[in-house]
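Colleague: Contents of start_23.txt (compact mmCIF, C-alpha atoms and all ligand atoms):
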```txt
# COMPACT_ATOMS: atom_id res chain seq x y z
CA MET A 1 -6.28 20.09 27.81
CA ASP A 2 -6.07 16.32 28.31
CA LYS A 3 -6.54 13.94 25.41
CA LEU A 4 -10.05 12.85 26.36
CA THR A 5 -11.35 16.41 26.64
CA LEU A 6 -9.70 17.24 23.35
CA LEU A 7 -11.38 14.29 21.65
CA ASN A 8 -14.78 15.08 23.15
CA ASN A 9 -14.50 18.66 21.91
CA LEU A 10 -13.55 17.44 18.48
CA MET A 11 -16.54 15.11 18.33
CA ASP A 12 -18.93 17.84 19.46
CA ARG A 13 -17.66 20.37 16.99
CA ASN A 14 -17.30 18.12 14.03
CA SER A 15 -20.21 15.95 12.92
CA THR A 16 -18.02 13.82 10.62
CA ILE A 17 -15.78 12.86 13.52
CA SER A 18 -18.88 12.07 15.54
CA ASP A 19 -20.26 9.86 12.75
CA ILE A 20 -16.90 8.10 12.48
CA SER A 21 -16.92 7.35 16.20
CA HIS A 22 -20.37 5.82 15.81
CA GLY A 23 -19.09 3.44 13.15
CA LYS A 24 -21.06 5.10 10.32
CA GLU A 25 -19.89 5.21 6.74
CA VAL A 26 -18.63 8.72 5.98
CA PHE A 27 -17.20 10.72 3.14
CA TRP A 28 -14.72 13.29 4.42
CA GLU A 29 -13.72 15.88 1.88
CA ASN A 30 -10.37 17.37 2.80
CA PRO A 31 -10.82 21.09 3.60
CA GLU A 32 -7.04 21.57 3.83
CA LYS A 33 -6.36 20.46 0.26
CA LEU A 34 -4.38 23.06 -1.66
CA PRO A 35 -4.00 23.78 -5.37
CA VAL A 36 -0.83 22.04 -6.50
CA SER A 37 0.89 25.38 -7.09
CA GLU A 38 0.56 26.15 -3.36
CA ALA A 39 1.14 22.69 -1.86
CA PRO A 40 4.52 21.69 -0.42
CA PHE A 41 6.27 18.70 -2.02
CA PRO A 42 9.24 17.99 0.27
CA ILE A 43 10.17 14.77 -1.55
CA SER A 44 11.74 15.71 -4.87
CA ASP A 45 11.01 14.33 -8.32
CA SER A 46 14.67 13.34 -8.60
CA GLU A 47 14.27 11.03 -5.59
CA ILE A 48 11.36 9.29 -7.34
CA THR A 49 13.44 9.06 -10.53
CA ALA A 50 16.30 7.51 -8.54
CA ALA A 51 13.86 4.94 -7.13
CA GLU A 52 12.64 4.10 -10.62
CA GLU A 53 16.24 3.66 -11.80
CA ARG A 54 17.05 1.42 -8.82
CA PHE A 55 14.17 -0.90 -9.77
CA THR A 56 15.61 -0.98 -13.30
CA ARG A 57 19.11 -1.87 -12.04
CA PHE A 58 17.67 -4.79 -10.09
CA ALA A 59 15.46 -6.05 -12.94
CA PRO A 60 18.06 -8.59 -14.22
CA PHE A 61 18.32 -10.06 -10.70
CA ILE A 62 14.55 -10.24 -10.30
CA GLU A 63 14.15 -11.86 -13.71
CA ARG A 64 16.63 -14.57 -12.71
CA VAL A 65 15.25 -15.44 -9.28
CA PHE A 66 11.54 -15.02 -10.08
CA PRO A 67 10.91 -16.76 -13.43
CA GLU A 68 7.32 -15.42 -13.52
CA THR A 69 8.84 -12.01 -14.31
CA GLU A 70 10.65 -13.23 -17.45
CA SER A 71 8.05 -11.80 -19.83
CA THR A 72 8.57 -8.30 -18.37
CA HIS A 73 12.33 -8.77 -17.89
CA GLY A 74 12.22 -8.37 -14.15
CA ILE A 75 10.00 -5.31 -14.05
CA ILE A 76 7.07 -5.98 -11.73
CA GLU A 77 4.06 -4.01 -12.96
CA SER A 78 0.31 -4.52 -13.09
CA GLU A 79 -2.35 -4.12 -15.73
CA LEU A 80 -4.95 -1.39 -15.97
CA VAL A 81 -8.18 -3.01 -17.17
CA PRO A 82 -11.59 -1.53 -17.97
CA ILE A 83 -14.40 -3.05 -15.88
CA PRO A 84 -17.49 -2.00 -17.89
CA ASN A 85 -19.87 -4.60 -16.44
CA MET A 86 -19.10 -3.65 -12.87
CA GLN A 87 -19.29 0.01 -13.88
CA LYS A 88 -22.85 -0.50 -15.09
CA VAL A 89 -23.96 -2.06 -11.82
CA LEU A 90 -22.33 0.74 -9.81
CA CYS A 91 -23.84 3.39 -12.13
CA ALA A 92 -20.41 5.01 -12.32
CA LYS A 93 -19.83 7.97 -14.61
CA GLY A 94 -16.95 8.38 -17.02
CA LYS A 95 -14.87 5.30 -17.65
CA LEU A 96 -14.02 2.89 -14.84
CA TYR A 97 -10.76 0.95 -14.67
CA LEU A 98 -9.22 -1.49 -12.22
CA LYS A 99 -5.50 -1.14 -11.47
CA MET A 100 -4.55 -4.71 -10.75
CA ASP A 101 -1.82 -4.47 -8.13
CA SER A 102 -3.75 -7.39 -6.67
CA HIS A 103 -1.99 -9.43 -9.32
CA LEU A 104 1.53 -7.99 -9.12
CA ALA A 105 4.03 -10.81 -9.64
CA VAL A 106 5.88 -12.44 -6.74
CA ALA A 107 4.05 -10.71 -3.86
CA GLY A 108 0.43 -10.55 -5.09
CA SER A 109 -0.15 -7.13 -3.56
CA VAL A 110 0.71 -3.44 -3.75
CA LYS A 111 3.50 -4.23 -1.25
CA ALA A 112 5.54 -5.52 -4.18
CA ARG A 113 6.20 -1.82 -4.80
CA GLY A 114 7.23 -0.32 -1.46
CA GLY A 115 8.32 -3.50 0.28
CA PHE A 116 10.50 -4.81 -2.52
CA TYR A 117 11.95 -1.38 -3.10
CA GLU A 118 13.13 -0.88 0.47
CA VAL A 119 14.77 -4.32 0.66
CA LEU A 120 16.50 -3.82 -2.70
CA LYS A 121 17.74 -0.39 -1.65
CA HIS A 122 19.11 -1.76 1.61
CA ALA A 123 20.86 -4.60 -0.25
CA GLU A 124 22.37 -2.17 -2.73
CA ASP A 125 23.54 0.19 0.05
CA LEU A 126 25.29 -2.68 1.87
CA ALA A 127 26.82 -4.07 -1.32
CA LEU A 128 28.13 -0.65 -2.39
CA ALA A 129 29.54 0.18 1.05
CA ASN A 130 31.41 -3.13 1.12
CA ASN A 131 32.64 -2.91 -2.49
CA LYS A 132 30.66 -5.94 -3.54
CA ILE A 133 29.11 -4.19 -6.51
CA SER A 134 29.29 -0.98 -8.52
CA LEU A 135 26.34 0.93 -9.96
CA THR A 136 27.29 0.00 -13.52
CA ASP A 137 27.49 -3.77 -12.88
CA ASN A 138 24.86 -6.15 -14.15
CA TYR A 139 22.83 -6.89 -11.03
CA GLU A 140 22.52 -10.56 -11.96
CA LYS A 141 25.55 -10.62 -9.69
CA PHE A 142 23.19 -10.48 -6.70
CA ASP A 143 22.10 -14.00 -7.67
CA THR A 144 25.35 -15.67 -6.58
CA ASP A 145 26.46 -17.74 -3.59
CA GLU A 146 29.07 -15.14 -2.77
CA MET A 147 26.48 -12.38 -2.45
CA ARG A 148 24.09 -14.55 -0.46
CA ARG A 149 26.92 -15.49 1.92
CA PHE A 150 27.62 -11.78 2.35
CA PHE A 151 23.97 -10.90 3.07
CA SER A 152 23.48 -13.87 5.40
CA GLN A 153 25.30 -11.97 8.17
CA TYR A 154 22.55 -9.32 8.07
CA THR A 155 18.94 -9.42 9.23
CA VAL A 156 15.90 -7.58 7.86
CA GLN A 157 12.87 -7.22 10.15
CA VAL A 158 9.39 -5.79 9.72
CA GLY A 159 6.06 -5.56 11.56
CA SER A 160 3.05 -6.41 9.42
CA THR A 161 -0.63 -7.30 9.15
CA GLY A 162 0.35 -9.76 6.41
CA ASN A 163 1.14 -8.43 2.96
CA LEU A 164 4.06 -6.19 3.88
CA GLY A 165 5.62 -9.10 5.74
CA MET A 166 5.15 -11.26 2.65
CA SER A 167 6.90 -8.82 0.33
CA ILE A 168 9.74 -8.02 2.74
CA GLY A 169 10.15 -11.69 3.68
CA ILE A 170 10.12 -12.99 0.10
CA MET A 171 12.60 -10.43 -1.26
CA SER A 172 14.89 -10.60 1.78
CA ALA A 173 15.04 -14.39 1.56
CA ALA A 174 15.73 -14.22 -2.20
CA LEU A 175 18.77 -12.01 -1.56
CA GLY A 176 20.08 -14.21 1.25
CA PHE A 177 19.22 -12.00 4.23
CA ARG A 178 17.98 -13.47 7.46
CA ALA A 179 14.39 -12.26 7.64
CA ILE A 180 12.14 -11.86 10.65
CA VAL A 181 8.51 -10.82 10.26
CA HIS A 182 6.55 -9.66 13.30
CA MET A 183 2.93 -10.51 12.52
CA SER A 184 -0.08 -8.88 14.15
CA SER A 185 -3.09 -10.90 15.29
CA ASP A 186 -4.92 -9.87 12.09
CA ALA A 187 -2.47 -11.67 9.82
CA LYS A 188 -3.88 -14.69 8.01
CA ALA A 189 -2.47 -18.16 8.76
CA TRP A 190 -1.71 -18.92 5.10
CA LYS A 191 0.51 -15.84 4.85
CA LYS A 192 2.52 -16.94 7.88
CA ASN A 193 2.83 -20.47 6.50
CA LEU A 194 4.00 -19.30 3.10
CA LEU A 195 6.73 -17.21 4.71
CA ARG A 196 7.90 -20.02 6.95
CA GLN A 197 8.16 -22.28 3.88
CA ARG A 198 10.58 -19.76 2.39
CA GLY A 199 12.80 -19.78 5.44
CA VAL A 200 11.48 -16.56 6.99
CA LYS A 201 11.16 -16.45 10.77
CA VAL A 202 7.62 -15.42 11.73
CA ILE A 203 6.92 -14.12 15.24
CA GLU A 204 3.24 -13.91 16.12
CA TYR A 205 1.58 -11.42 18.45
CA THR A 206 -1.79 -11.58 20.10
CA GLU A 207 -1.92 -7.78 19.88
CA ASP A 208 -2.52 -5.51 16.90
CA TYR A 209 -0.28 -4.11 14.20
CA SER A 210 1.11 -1.21 16.26
CA LYS A 211 2.42 -3.70 18.81
CA ALA A 212 4.02 -5.88 16.12
CA VAL A 213 5.79 -2.81 14.74
CA GLU A 214 6.88 -1.63 18.16
CA GLU A 215 8.33 -5.03 19.09
CA GLY A 216 10.03 -5.45 15.72
CA ARG A 217 11.57 -2.01 16.00
CA ARG A 218 12.77 -2.70 19.53
CA ARG A 219 14.30 -6.09 18.77
CA SER A 220 15.96 -4.88 15.61
CA ALA A 221 17.59 -1.99 17.48
CA LEU A 222 19.36 -4.52 19.73
CA ASP A 223 21.27 -5.99 16.76
CA PRO A 224 23.69 -3.70 14.86
CA LYS A 225 23.45 -5.95 11.79
CA SER A 226 19.67 -5.80 11.72
CA TYR A 227 17.65 -3.39 9.59
CA PHE A 228 14.05 -2.53 10.41
CA VAL A 229 11.58 -1.62 7.68
CA ASP A 230 9.49 0.97 9.47
CA ASP A 231 6.07 1.18 7.84
CA GLU A 232 5.06 4.03 10.16
CA LYS A 233 7.71 6.44 8.84
CA SER A 234 9.73 5.01 5.97
CA VAL A 235 10.61 7.32 3.09
CA ASP A 236 11.95 4.39 1.06
CA LEU A 237 8.67 2.49 1.17
CA PHE A 238 6.97 5.70 0.12
CA LEU A 239 9.33 6.14 -2.85
CA GLY A 240 8.75 2.56 -3.99
CA TYR A 241 5.02 3.25 -4.10
CA ALA A 242 5.48 6.61 -5.81
CA VAL A 243 7.15 4.92 -8.80
CA ALA A 244 3.74 3.41 -9.63
CA ALA A 245 2.57 6.84 -10.75
CA ARG A 246 5.33 7.21 -13.35
CA ARG A 247 4.47 3.85 -14.79
CA LEU A 248 0.74 4.59 -14.78
CA LYS A 249 1.43 7.70 -16.83
CA THR A 250 3.05 5.49 -19.49
CA THR A 251 0.14 3.03 -19.37
CA LEU A 252 -2.42 5.81 -19.79
CA ARG A 253 -0.51 7.20 -22.75
CA GLU A 254 -0.27 3.75 -24.36
CA LYS A 255 -4.00 3.28 -23.94
CA GLY A 256 -4.74 6.71 -25.40
CA ILE A 257 -6.34 7.95 -22.18
CA THR A 258 -6.08 11.71 -21.84
CA VAL A 259 -5.72 13.35 -18.44
CA ASP A 260 -6.15 17.11 -18.20
CA ARG A 261 -8.51 19.72 -16.74
CA LYS A 262 -11.27 18.63 -19.10
CA TYR A 263 -10.65 14.90 -18.64
CA PRO A 264 -9.82 14.52 -14.95
CA LEU A 265 -8.40 11.39 -13.37
CA VAL A 266 -10.08 10.18 -10.16
CA VAL A 267 -8.32 7.47 -8.16
CA TYR A 268 -9.50 5.45 -5.15
CA ILE A 269 -6.99 3.54 -3.01
CA PRO A 270 -7.46 1.51 0.19
CA ALA A 271 -5.40 2.79 3.14
CA GLY A 272 -3.87 0.99 6.10
CA VAL A 273 -1.11 3.11 7.64
CA GLY A 274 -1.22 5.25 4.50
CA GLY A 275 2.11 4.41 2.89
CA ALA A 276 0.89 2.73 -0.26
CA PRO A 277 -1.98 5.11 -1.09
CA GLY A 278 0.14 8.07 0.05
CA GLY A 279 3.09 7.24 -2.17
CA ILE A 280 0.88 6.60 -5.19
CA THR A 281 -1.09 9.82 -4.57
CA TYR A 282 2.07 11.86 -4.15
CA GLY A 283 3.51 10.51 -7.40
CA LEU A 284 0.27 11.03 -9.33
CA THR A 285 -0.09 14.58 -8.04
CA ARG A 286 3.48 15.43 -9.13
CA ILE A 287 2.61 14.23 -12.63
CA PHE A 288 -1.00 15.28 -13.20
CA GLY A 289 -1.25 18.27 -10.83
CA ASP A 290 -4.77 19.57 -10.31
CA SER A 291 -6.13 17.21 -12.98
CA VAL A 292 -5.98 14.25 -10.62
CA LYS A 293 -8.02 13.68 -7.48
CA CYS A 294 -7.02 10.89 -5.14
CA TYR A 295 -9.28 9.45 -2.45
CA PHE A 296 -8.46 6.89 0.23
CA ALA A 297 -10.82 4.20 1.50
CA GLU A 298 -10.77 2.73 5.01
CA PRO A 299 -12.94 0.33 7.03
CA VAL A 300 -15.53 1.99 9.31
CA ASN A 301 -13.89 0.36 12.34
CA CYS A 302 -10.35 1.41 11.47
CA PRO A 303 -10.18 4.81 9.72
CA SER A 304 -6.80 5.75 11.16
CA VAL A 305 -5.48 7.80 8.24
CA LEU A 306 -8.73 9.78 8.08
CA LEU A 307 -8.61 10.50 11.82
CA GLY A 308 -4.90 11.34 11.72
CA ILE A 309 -5.40 13.92 8.96
CA ALA A 310 -8.85 15.29 9.88
CA THR A 311 -7.98 15.90 13.55
CA GLY A 312 -4.42 17.08 12.92
CA MET A 313 -3.26 14.50 15.47
CA PHE A 314 -1.35 12.60 12.76
CA GLU A 315 0.35 9.45 14.17
CA LYS A 316 -1.04 10.20 17.63
CA ALA A 317 -4.55 9.42 16.43
CA ASN A 318 -5.63 5.94 17.45
CA VAL A 319 -9.02 4.62 16.39
CA ARG A 320 -9.59 3.20 19.87
CA ASP A 321 -9.50 6.70 21.35
CA PHE A 322 -12.55 7.42 19.18
CA GLY A 323 -14.48 4.45 20.51
CA LEU A 324 -13.70 2.14 17.58
CA SER A 325 -12.42 -1.42 17.90
CA GLY A 326 -9.94 -1.36 15.03
CA LYS A 327 -11.15 -4.87 14.19
CA THR A 328 -12.03 -5.44 10.55
CA HIS A 329 -12.25 -8.18 7.92
CA ALA A 330 -10.00 -5.92 5.84
CA ASP A 331 -6.87 -7.40 7.44
CA GLY A 332 -4.54 -5.36 5.21
CA LEU A 333 -6.07 -2.13 6.50
CA ALA A 334 -6.14 -3.00 10.20
CA CYS A 335 -3.74 -0.30 11.43
CA ALA A 336 -5.11 1.54 14.48
CA SER A 337 -2.70 4.48 14.10
CA PRO A 338 -1.47 5.98 10.83
CA SER A 339 1.98 6.83 9.47
CA SER A 340 3.51 10.04 10.83
CA LEU A 341 5.21 10.77 7.52
CA VAL A 342 2.27 10.08 5.24
CA THR A 343 -0.48 11.85 7.20
CA ARG A 344 1.65 15.01 7.17
CA LEU A 345 2.52 14.73 3.47
CA MET A 346 -1.11 14.03 2.51
CA LEU A 347 -2.73 16.88 4.47
CA PRO A 348 -2.52 19.37 1.55
CA ILE A 349 -2.77 16.75 -1.22
CA VAL A 350 -5.39 14.05 -0.66
CA SER A 351 -8.88 14.97 -1.90
CA GLY A 352 -10.78 13.02 0.72
CA VAL A 353 -11.39 9.72 2.49
CA PHE A 354 -14.34 7.31 2.29
CA THR A 355 -15.11 4.72 4.95
CA VAL A 356 -16.84 1.45 4.18
CA SER A 357 -18.57 -1.26 6.21
CA ASP A 358 -17.04 -4.74 6.24
CA ALA A 359 -20.27 -6.22 4.86
CA LYS A 360 -19.92 -4.16 1.67
CA LEU A 361 -16.37 -5.40 1.09
CA TYR A 362 -17.78 -8.86 0.44
CA ASP A 363 -20.58 -7.48 -1.73
CA TYR A 364 -18.01 -5.72 -3.92
CA LEU A 365 -15.84 -8.84 -3.93
CA ARG A 366 -18.75 -10.95 -5.23
CA LEU A 367 -19.81 -8.29 -7.69
CA LEU A 368 -16.34 -7.97 -9.21
CA TYR A 369 -16.17 -11.73 -9.57
CA SER A 370 -19.63 -12.13 -11.07
CA THR A 371 -19.37 -9.18 -13.48
CA GLU A 372 -15.70 -9.33 -14.50
CA GLY A 373 -14.41 -12.71 -13.30
CA ILE A 374 -11.71 -11.05 -11.19
CA GLU A 375 -10.97 -12.19 -7.64
CA ILE A 376 -9.30 -9.88 -5.12
CA GLU A 377 -9.09 -9.79 -1.32
CA PRO A 378 -11.58 -7.98 0.97
CA SER A 379 -9.16 -5.13 1.87
CA SER A 380 -8.66 -4.52 -1.78
CA CYS A 381 -12.40 -4.02 -2.33
CA ALA A 382 -12.65 -1.00 -0.02
CA ALA A 383 -11.94 1.43 -2.84
CA PHE A 384 -15.22 0.65 -4.64
CA ILE A 385 -17.09 2.68 -2.01
CA GLY A 386 -15.58 5.81 -3.58
CA VAL A 387 -16.94 4.98 -7.02
CA GLU A 388 -20.38 4.40 -5.54
CA LYS A 389 -20.53 7.57 -3.47
CA ASN A 390 -18.46 10.16 -5.29
CA THR A 391 -19.77 12.65 -7.82
CA VAL A 392 -17.51 13.03 -10.82
CA PRO A 393 -17.80 14.72 -14.21
CA GLU A 394 -18.96 12.72 -17.25
CA ASN A 395 -15.48 13.03 -18.78
CA ALA A 396 -13.64 11.52 -15.83
CA THR A 397 -11.42 8.46 -15.91
CA GLN A 398 -11.95 6.61 -12.64
CA ILE A 399 -9.45 4.09 -11.30
CA VAL A 400 -10.07 1.67 -8.46
CA TRP A 401 -6.72 0.52 -7.12
CA ALA A 402 -6.96 -3.19 -6.33
CA THR A 403 -4.23 -3.71 -3.76
CA GLY A 404 -4.08 -7.45 -3.14
CA GLY A 405 -5.47 -10.88 -3.73
CA SER A 406 -3.84 -13.10 -6.33
CA MET A 407 -1.94 -15.25 -3.83
CA ILE A 408 -4.97 -16.19 -1.74
CA PRO A 409 -5.39 -19.98 -1.64
CA GLU A 410 -8.38 -21.23 -3.67
CA LYS A 411 -10.15 -22.53 -0.59
CA ILE A 412 -10.07 -19.11 1.05
CA LYS A 413 -11.17 -17.37 -2.15
CA LYS A 414 -14.22 -19.60 -2.06
CA GLU A 415 -14.88 -18.75 1.59
CA TYR A 416 -14.72 -15.06 0.76
CA LEU A 417 -17.30 -15.45 -2.01
CA GLU A 418 -19.62 -17.08 0.49
CA THR A 419 -19.18 -14.60 3.33
CA TYR A 420 -22.23 -12.48 4.16
CA LEU A 421 -22.05 -10.17 7.19
C1 LIG B 1 -1.03 -2.75 2.86
C2 LIG B 1 -2.26 -2.80 2.10
C3 LIG B 1 -2.98 -1.64 1.82
C4 LIG B 1 -2.65 -0.27 2.32
O1 LIG B 1 -1.30 0.08 2.42
P1 LIG B 1 -0.79 1.00 3.61
O2 LIG B 1 0.60 1.34 3.21
O3 LIG B 1 -0.82 0.18 4.87
O4 LIG B 1 -1.70 2.16 3.70
C5 LIG B 1 -4.12 -1.78 1.06
N1 LIG B 1 -4.54 -2.98 0.62
C6 LIG B 1 -3.86 -4.12 0.86
C7 LIG B 1 -4.38 -5.40 0.32
C8 LIG B 1 -2.70 -4.06 1.62
O5 LIG B 1 -2.04 -5.19 1.88
```
Translate this structure into C-alpha cells?

Modeller:
Amino acid sequence: MDKLTLLNNLMDRNSTISDISHGKEVFWENPEKLPVSEAPFPISDSEITAAEERFTRFAPFIERVFPETESTHGIIESELVPIPNMQKVLCAKGKLYLKMDSHLAVAGSVKARGGFYEVLKHAEDLALANNKISLTDNYEKFDTDEMRRFFSQYTVQVGSTGNLGMSIGIMSAALGFRAIVHMSSDAKAWKKNLLRQRGVKVIEYTEDYSKAVEEGRRRSALDPKSYFVDDEKSVDLFLGYAVAARRLKTTLREKGITVDRKYPLVVYIPAGVGGAPGGITYGLTRIFGDSVKCYFAEPVNCPSVLLGIATGMFEKANVRDFGLSGKTHADGLACASPSSLVTRLMLPIVSGVFTVSDAKLYDYLRLLYSTEGIEIEPSSCAAFIGVEKNTVPENATQIVWATGGSMIPEKIKKEYLETYL
C-alpha cells in the first residue's frame, strides 16, 4: 500500500485522525497505554542516576561561569508554584501548580535540562579520554584557559527551532567549544542575535526544523572533530530531561504533597519533537508508577508526536502528509516530524495528547499574567489546554509544565500580551 492510500485509510477509520487533519482541537487518549508493571522501560534507572550525578559533578563549574546559579551552587532547577487564581478561572479540580522551567537559569527554558546535559556529557567524555580530568576532580577545572584551549579544537552543532540552539550554544561556548546552531525559519530573531553575541555561529534556513536538523547532521558528519546533538534520536538529551522527575519528587516531598493511588499526579507538558516531555514523563513514571498520568500538548497545526504515536508511523509521520501546514505561533513546538526514540518509548507510557489552537495560547498567556503575574512564551502555554479539558479526581495534584519564557525581551513580551488571533 502506498503512503497516501495508507493515510486515507487511517483517516477514514479513525475519527480523531480525521479531526486532526481538519485542524480541530482534539483529545487523544492513548489506547496502547499499559499498566506500569507490563510496560517496557529500556532505559534503566541507573542511567538516570548517572545523569543526575554528572550534573552534580559539573555544578562547581556552572556556579563559576554562571553567577546567577550561585544561590543553588550550580544546580539549575525551577520552582513549583501554586497558581490558585488561574485555577479558579479554569475551574480546575484538585490543586493546580506551575512547574517553572520557563525560568530555569541560564537558558530560560526546559532545554537547560537536556541541552546542557548533552553538552556537559560530551565535554566530560572528551576530557576523560584525553586525560584532562578524572571523575574525582573538582570540575571547577573546566573553567580554565587550558581546558578551553583543548575544547576549542572541537565543534558542537545542533538543529533547532530556537531554545535548543540557545542551550547548546550557550553551554558549548562557556566550555570553549566552537558552536554552530542550524536555525529553522521558525526561530525568533532575538534568539539568533543572543547566540551570535556569545560567539556562536548561527546558520539560518528558509525551511523548517527537519531541514535544519538534516543539514546540521550532514555538515557535522563531514568533520571528525564535530559532534552533532541529534534532537530526533538522542538518548543523552532524554536522560537530561528525565533527571527533572527525580528532582520533582524531592520538591513534592518538601512541600508535603502526597502522590499515590488516592492522590494522583496529573502532568501536562508541551511537545515539539517529544524529547523534553518524553524524558520527563519517563522519569516520572519510573518514580510514581500508575499514580502519575502524563499528557502532552501540541498545536493544532503541528501535532507530530500525536500523529507519530497514534498512527504507529513514529518518525515517519509528518504533519504535512495529513494536510496540516506545520506553521504555528508556538515556535518551540514547530517540529513537523517527531523523535523516533521518544515516540517508541512513549507508546505504552503516555496517557494522551491534547491539541490546542494558536489563538488560545495567547489567551492562556494573558490569563496567567493577569491572574498570577507570571509571563511565559506562547509554546509554553499549550499545556493549559489539558487542565481545561481533562477530567481528574478531586484529590488530584495537577502540574502544568511551563517550558520557556524568561529570556524573552520585554518588548516582545508586550507584543505577546497584545496578540489576538
Ligand atoms: C523545545 C520546547 C518544548 C518541547 O520540547 P521537545 O523536546 O521538542 O518536545 C516545549 N516548549 C518549549 C518552550 C520548548 O522550547

Colleague: Show me, as a compact mmCIF listing (two decimals) with C-alpha atoms, in the coordinates of the input, the residues that have an atom within 6 Å of stretch 70-76 of chain A when counting only C-alpha atoms, minus same-chain residues fewer than 2 positions from it.

Modeller:
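And here's selection-v7.txt as it stands now:
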```txt
# COMPACT_ATOMS: atom_id res chain seq x y z
CA ALA A 59 15.46 -6.05 -12.94
CA PRO A 60 18.06 -8.59 -14.22
CA ILE A 62 14.55 -10.24 -10.30
CA GLU A 63 14.15 -11.86 -13.71
CA PRO A 67 10.91 -16.76 -13.43
CA GLU A 68 7.32 -15.42 -13.52
```

Colleague: Using all atoms listed in the file, which of the listed residues (A:Ser167, A:Thr391, A:Ser18, A:Asn193) sits closest to ligand LIG 1 (chain B)?

Modeller: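 Among the listed residues, the smallest separation from ligand LIG 1 (chain B) belongs to A:Ser167.
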
Colleague: Quick one: of A:Leu104, A:Val259, A:Ala221, A:Leu417, who's nearest to ligand LIG 1 (chain B), counting only C-alpha atoms and all ligand atoms?

Modeller: A:Leu104

Colleague: State, in Å with one decimal place, the distance from atom CA of A:Ser304 to atom CA of A:Pro338.

Modeller: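 We find that atom CA of A:Ser304 and atom CA of A:Pro338 lie 5.3 Å from each other.
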
Colleague: Counting all atoms listed in the file, which residue out of A:Leu128, A:Ala92, A:Ile170, A:Cys381 sits closest to A:Val65?

Modeller: A:Ile170

Colleague: Smallest atom-to-atom distance to ligand LIG 1 (chain B): which of A:Lys141, A:Lys233, A:Lys121, A:Lys413, using all atoms listed in the file?

Modeller: A:Lys233

Colleague: Considering all atoms listed in the file, give me a table of residues in chain A that are at most 7 Å from ligand LIG 1 (chain B), with the closest atom pair and distance in Å for each, as a tab-separated table.

Modeller:
```
residue	atom	partner	partner_atom	distance
A:Ser109	CA	B:LIG1	C7	6.0
A:Val110	CA	B:LIG1	C8	6.4
A:Lys111	CA	B:LIG1	C1	6.3
A:Gly162	CA	B:LIG1	O5	6.9
A:Asn163	CA	B:LIG1	O5	4.7
A:Leu164	CA	B:LIG1	C1	6.2
A:Pro270	CA	B:LIG1	C5	4.8
A:Ala271	CA	B:LIG1	O4	3.8
A:Gly272	CA	B:LIG1	O3	3.4
A:Val273	CA	B:LIG1	O3	4.0
A:Gly274	CA	B:LIG1	O4	3.2
A:Gly275	CA	B:LIG1	O2	3.4
A:Ala276	CA	B:LIG1	O2	3.7
A:Pro277	CA	B:LIG1	O4	5.6
A:Gly332	CA	B:LIG1	O5	4.2
A:Leu333	CA	B:LIG1	C3	5.6
A:Glu377	CA	B:LIG1	C7	6.6
A:Ser379	CA	B:LIG1	C7	5.0
A:Ser380	CA	B:LIG1	C7	4.8
A:Thr403	CA	B:LIG1	C7	4.4
A:Gly404	CA	B:LIG1	C7	4.0
A:Gly405	CA	B:LIG1	C7	6.9
```

Colleague: Could you list, as a count of residues only, every residue within 8 Å of A:Gly159, counting only C-alpha atoms and ignoring same-chain residues fewer than 6 positions away?

Modeller: 15

Colleague: Which is closest to A:Gly240 among A:Ala383, A:Val319, A:Leu120, A:Cys294, if we use all atoms listed in the file?

Modeller: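 Of all the options, A:Leu120 lies closest to A:Gly240.
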